[in-house]
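Reviewing the structure listed below.
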Amino acid sequence: MDSKLKMSGIWLAIVLVCLGQGLWAQSANVTVFASGFNNPRGLKFGPDGYLYVAEGGAGGNKSTAGVCRQVPGAGPYTGDFTARISKVAPNGAVSTVVDGLPSSQTNPGLGNLVSGVADVAFVNGKLYAILAGAGCSHGLRGTNNAIIRVNSDGTWSEVANLSAFQKTHPVANPEPDDFEPDGTWYGMVATGNVLYAVEPNHGELDAITTDGQIRRVADISRIEGHIVPTAIVWGGANFFVGNLERFPIHGETSKVLKITPDGSITTVAIDFSTILGLAIDSKHRLYVLENTTGNPFPTPGTGKVLRIDGKHQYTEIATGLNLPTAMTFGPDGNLYVSNWGFGPPPVGMGQVVKITLPTD
């Protein structure tokens, strides 16, 4: 996750106290679908009807301090090969699809924020994933942030080297004080035979073919500066992208952008907080996942899902989510959300929750 996602010692203490006292109440339409994940992130339903979950992993102790450029405030990064992709059966049973993938974490002063597998998508029935915790700048020498193809036997192969692409294709307005050389990729969708991925730290939307060709669709930083774009969804004719914004959180400053296939960018909705997920229902309505509301730093129990019903018209769908990081619609028409997607909770505390939507 983007290194602007920085937690103060006060916030960390609050989280630990609340964990011990169980202070959060999610809205009644939120139920736990599956659990046992390590920093769950992007999720998609596969053609087999199972839900595939990208996991950031648990970081590790390997280090490249003094060897590679790292963000001063976030480093030294440490990592290991603890990230994975899991799948969830319709009855909630969880199994591993592939493990041993790169995972990295920030220093303890920032709460050991973990990045690993950021998202998953399917093209022609094949599973693809995007790595965000790899690269020398993340403590793992000899690895790259990349698009990988996952085989049915649990093996995988690199399709496109995203670390190399970013190093040779700089954006117009990078943030010098928070620059990640290998990037910290976040959201990914498949449209046709092409994957489209958002990178928050540099601020870009790129297209990646399944044979490894990479093309910049939009340099978001050129128009918007360092707004930390994260979530992406395909709307049938255009992409919609939401942004996290910087921390501390200063009110409802996140927004939704429309990005055309040729890279034109316009703002279509405003007044959100810390967007980390977008989804579109069968009636073409856009849903927004807010990680934290009403607080200056990431705070459990304050995540929300809103539906956009018109200009400045938003309907509250679910509340009380705990550091949610992604969402997708299921074949049953309900929303599935990665809960406890980052932060100090113990390994294995990550969840996927189901948000039951009213029929209308």
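By convention in this document, the chains of the structure tokens carry letters A, B, ... by their order, each chain's residues are numbered from 1, and ligands are numbered from 1 in the order they are shown.
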Per residue of region 34-93 of chain A within 6 Å of region 331-353 of chain A, which atom pair is closest and at what distance in Å (one decimal), using only C-alpha atoms, listed by chain and increasing number, as CSV?
```
residue,atom,partner,partner_atom,distance
A:Ala34,CA,A:Val352,CA,5.2
A:Ser35,CA,A:Gln351,CA,4.2
A:Gly36,CA,A:Gly348,CA,4.3
A:Phe37,CA,A:Gly350,CA,4.4
A:Asn38,CA,A:Gly348,CA,5.0
A:Asn39,CA,A:Gly341,CA,4.5
A:Pro40,CA,A:Gly341,CA,4.8
A:Arg41,CA,A:Gly341,CA,5.9
```
Any chance you could export the current selection's C-alpha atoms as an mmCIF file, in the first residue's frame?
```cif
data_model
loop_
_atom_site.group_PDB
_atom_site.id
_atom_site.type_symbol
_atom_site.label_atom_id
_atom_site.label_comp_id
_atom_site.auth_asym_id
_atom_site.auth_seq_id
_atom_site.Cartn_x
_atom_site.Cartn_y
_atom_site.Cartn_z
ATOM 1 C CA ALA A 34 -14.568 -16.318 5.403
ATOM 2 C CA SER A 35 -11.605 -15.662 7.687
ATOM 3 C CA GLY A 36 -7.978 -16.586 8.335
ATOM 4 C CA PHE A 37 -6.380 -14.237 5.788
ATOM 5 C CA ASN A 38 -3.151 -12.255 6.126
ATOM 6 C CA ASN A 39 -3.775 -8.654 5.015
ATOM 7 C CA PRO A 40 -6.482 -9.457 2.408
ATOM 8 C CA ARG A 41 -6.652 -7.060 -0.529
#
```
**OP:** Tell me, as a list in words, which residues lie within 10 Å of Phe240 (chain A), counting only C-alpha atoms; anything in the same chain fewer than 2 positions away does not count.
**Re:**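 Those residues are Ala231, Ile232, Val233, Trp234, Gly235, Ala237, Asn238, Gly242, Val256, Leu257, Lys258, Ile259, Thr260, Ile265, Thr266, Thr267, Val268, Leu278, Ala279, Ile280 and Leu286 of chain A.
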**OP:** Do a neighbour search on region 80-96 of chain A at 10 Å with only C-alpha atoms, toss out local chain neighbours closer than 2 positions, and write the hits as a PyMOL selection string.
**Re:** chain A and resi 32-46+48-63+78+98-105+114-120+129+131+133-134+138-140+150+154+352
**OP:** Work out how far CA of Leu205 (chain A) is from CA of Ile227 (chain A), in Å to one decimal.
**Re:**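 Computing the Euclidean distance for CA of Ile227 (chain A) and CA of Leu205 (chain A) yields 13.1 Å.
Closest to Gly301 (chain A) among A:Leu113, A:Leu323, A:Leu357, A:Ala28 is A:Leu323, based on only C-alpha atoms.
Ranking A:Gly251, A:Ser264, A:Phe239, A:Val71 by their shortest atom-to-atom distance to Thr184 (chain A), with only C-alpha atoms included, puts A:Val71 first.
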Original post:
Would you give me, as number ranges by chain, the residues in region 86-253 of chain A that DSSP reads as strand (DSSP E)?
Top reply: A: 86-88, 94-105, 114-115, 117-123, 126-131, 146-150, 156-161, 188-191, 194-199, 204-209, 214-219, 229-234, 239-243
Would you output that residue set with C-alpha atoms, as a compact mmCIF listing (two decimals), in the first residue's frame?
```
# COMPACT_ATOMS: atom_id res chain seq x y z
CA SER A 86 -6.51 -18.04 -1.50
CA LYS A 87 -9.90 -19.11 -2.80
CA VAL A 88 -13.17 -19.41 -0.91
CA VAL A 94 -10.77 -21.42 2.39
CA SER A 95 -7.92 -23.10 0.48
CA THR A 96 -4.58 -21.91 -0.89
CA VAL A 97 -4.16 -21.40 -4.63
CA VAL A 98 -0.50 -20.30 -4.57
CA ASP A 99 1.82 -19.20 -1.79
CA GLY A 100 5.46 -18.20 -1.32
CA LEU A 101 4.95 -14.86 -3.09
CA PRO A 102 6.87 -11.67 -2.19
CA SER A 103 5.67 -9.72 0.86
CA SER A 104 7.24 -6.63 2.41
CA GLN A 105 6.53 -4.38 5.36
CA VAL A 114 2.40 -4.96 4.62
CA SER A 115 2.23 -5.19 0.82
CA VAL A 117 -0.29 -9.60 -3.73
CA ALA A 118 -2.44 -6.55 -4.42
CA ASP A 119 -5.20 -7.86 -6.67
CA VAL A 120 -6.33 -10.67 -8.95
CA ALA A 121 -8.27 -10.93 -12.21
CA PHE A 122 -9.26 -13.52 -14.80
CA VAL A 123 -8.61 -13.45 -18.55
CA LYS A 126 -6.78 -17.93 -16.44
CA LEU A 127 -5.86 -16.36 -13.10
CA TYR A 128 -3.56 -13.32 -13.07
CA ALA A 129 -2.26 -11.40 -10.05
CA ILE A 130 -0.39 -8.17 -9.47
CA LEU A 131 2.51 -8.02 -7.01
CA ALA A 146 4.98 -7.79 -11.73
CA ILE A 147 1.92 -9.28 -13.33
CA ILE A 148 2.03 -13.05 -12.83
CA ARG A 149 0.01 -15.89 -14.33
CA VAL A 150 -1.03 -18.59 -11.87
CA TRP A 156 3.28 -19.28 -11.49
CA SER A 157 5.25 -17.31 -14.06
CA GLU A 158 6.03 -13.64 -14.56
CA VAL A 159 4.14 -12.04 -17.42
CA ALA A 160 5.22 -8.38 -17.18
CA ASN A 161 7.96 -6.66 -15.15
CA MET A 188 -6.52 -4.30 -11.26
CA VAL A 189 -9.36 -5.21 -13.63
CA ALA A 190 -9.57 -7.26 -16.80
CA THR A 191 -11.36 -5.96 -19.87
CA VAL A 194 -6.13 -6.87 -21.36
CA LEU A 195 -5.38 -6.16 -17.70
CA TYR A 196 -5.56 -2.60 -16.39
CA ALA A 197 -3.73 -1.68 -13.18
CA VAL A 198 -3.52 1.40 -10.97
CA GLU A 199 -0.29 2.37 -9.18
CA GLU A 204 -0.76 6.05 -13.13
CA LEU A 205 -3.11 3.70 -14.96
CA ASP A 206 -1.44 1.16 -17.25
CA ALA A 207 -2.61 -1.54 -19.65
CA ILE A 208 -0.84 -4.91 -19.62
CA THR A 209 -1.42 -7.62 -22.22
CA ILE A 214 2.81 -2.58 -21.02
CA ARG A 215 1.29 0.74 -22.09
CA ARG A 216 0.53 3.86 -20.08
CA VAL A 217 -3.16 4.73 -20.38
CA ALA A 218 -3.16 7.79 -18.13
CA ASP A 219 -0.58 9.70 -16.11
CA PRO A 229 -5.14 6.58 -6.90
CA THR A 230 -6.09 3.09 -5.71
CA ALA A 231 -9.39 1.48 -6.73
CA ILE A 232 -10.50 0.77 -10.28
CA VAL A 233 -13.60 -0.62 -11.94
CA TRP A 234 -14.62 -0.91 -15.59
CA PHE A 239 -12.77 3.24 -16.18
CA PHE A 240 -13.65 4.68 -12.80
CA VAL A 241 -10.78 5.26 -10.36
CA GLY A 242 -10.96 6.27 -6.70
CA ASN A 243 -8.14 7.78 -4.66
```
Subject >> Neighbour list for Val288 (chain A) as a PyMOL selection string, cut-off 7 Å, only C-alpha atoms, skip fewer than 5 positions in-chain >> reply: chain A and resi 275+277-279+305-307
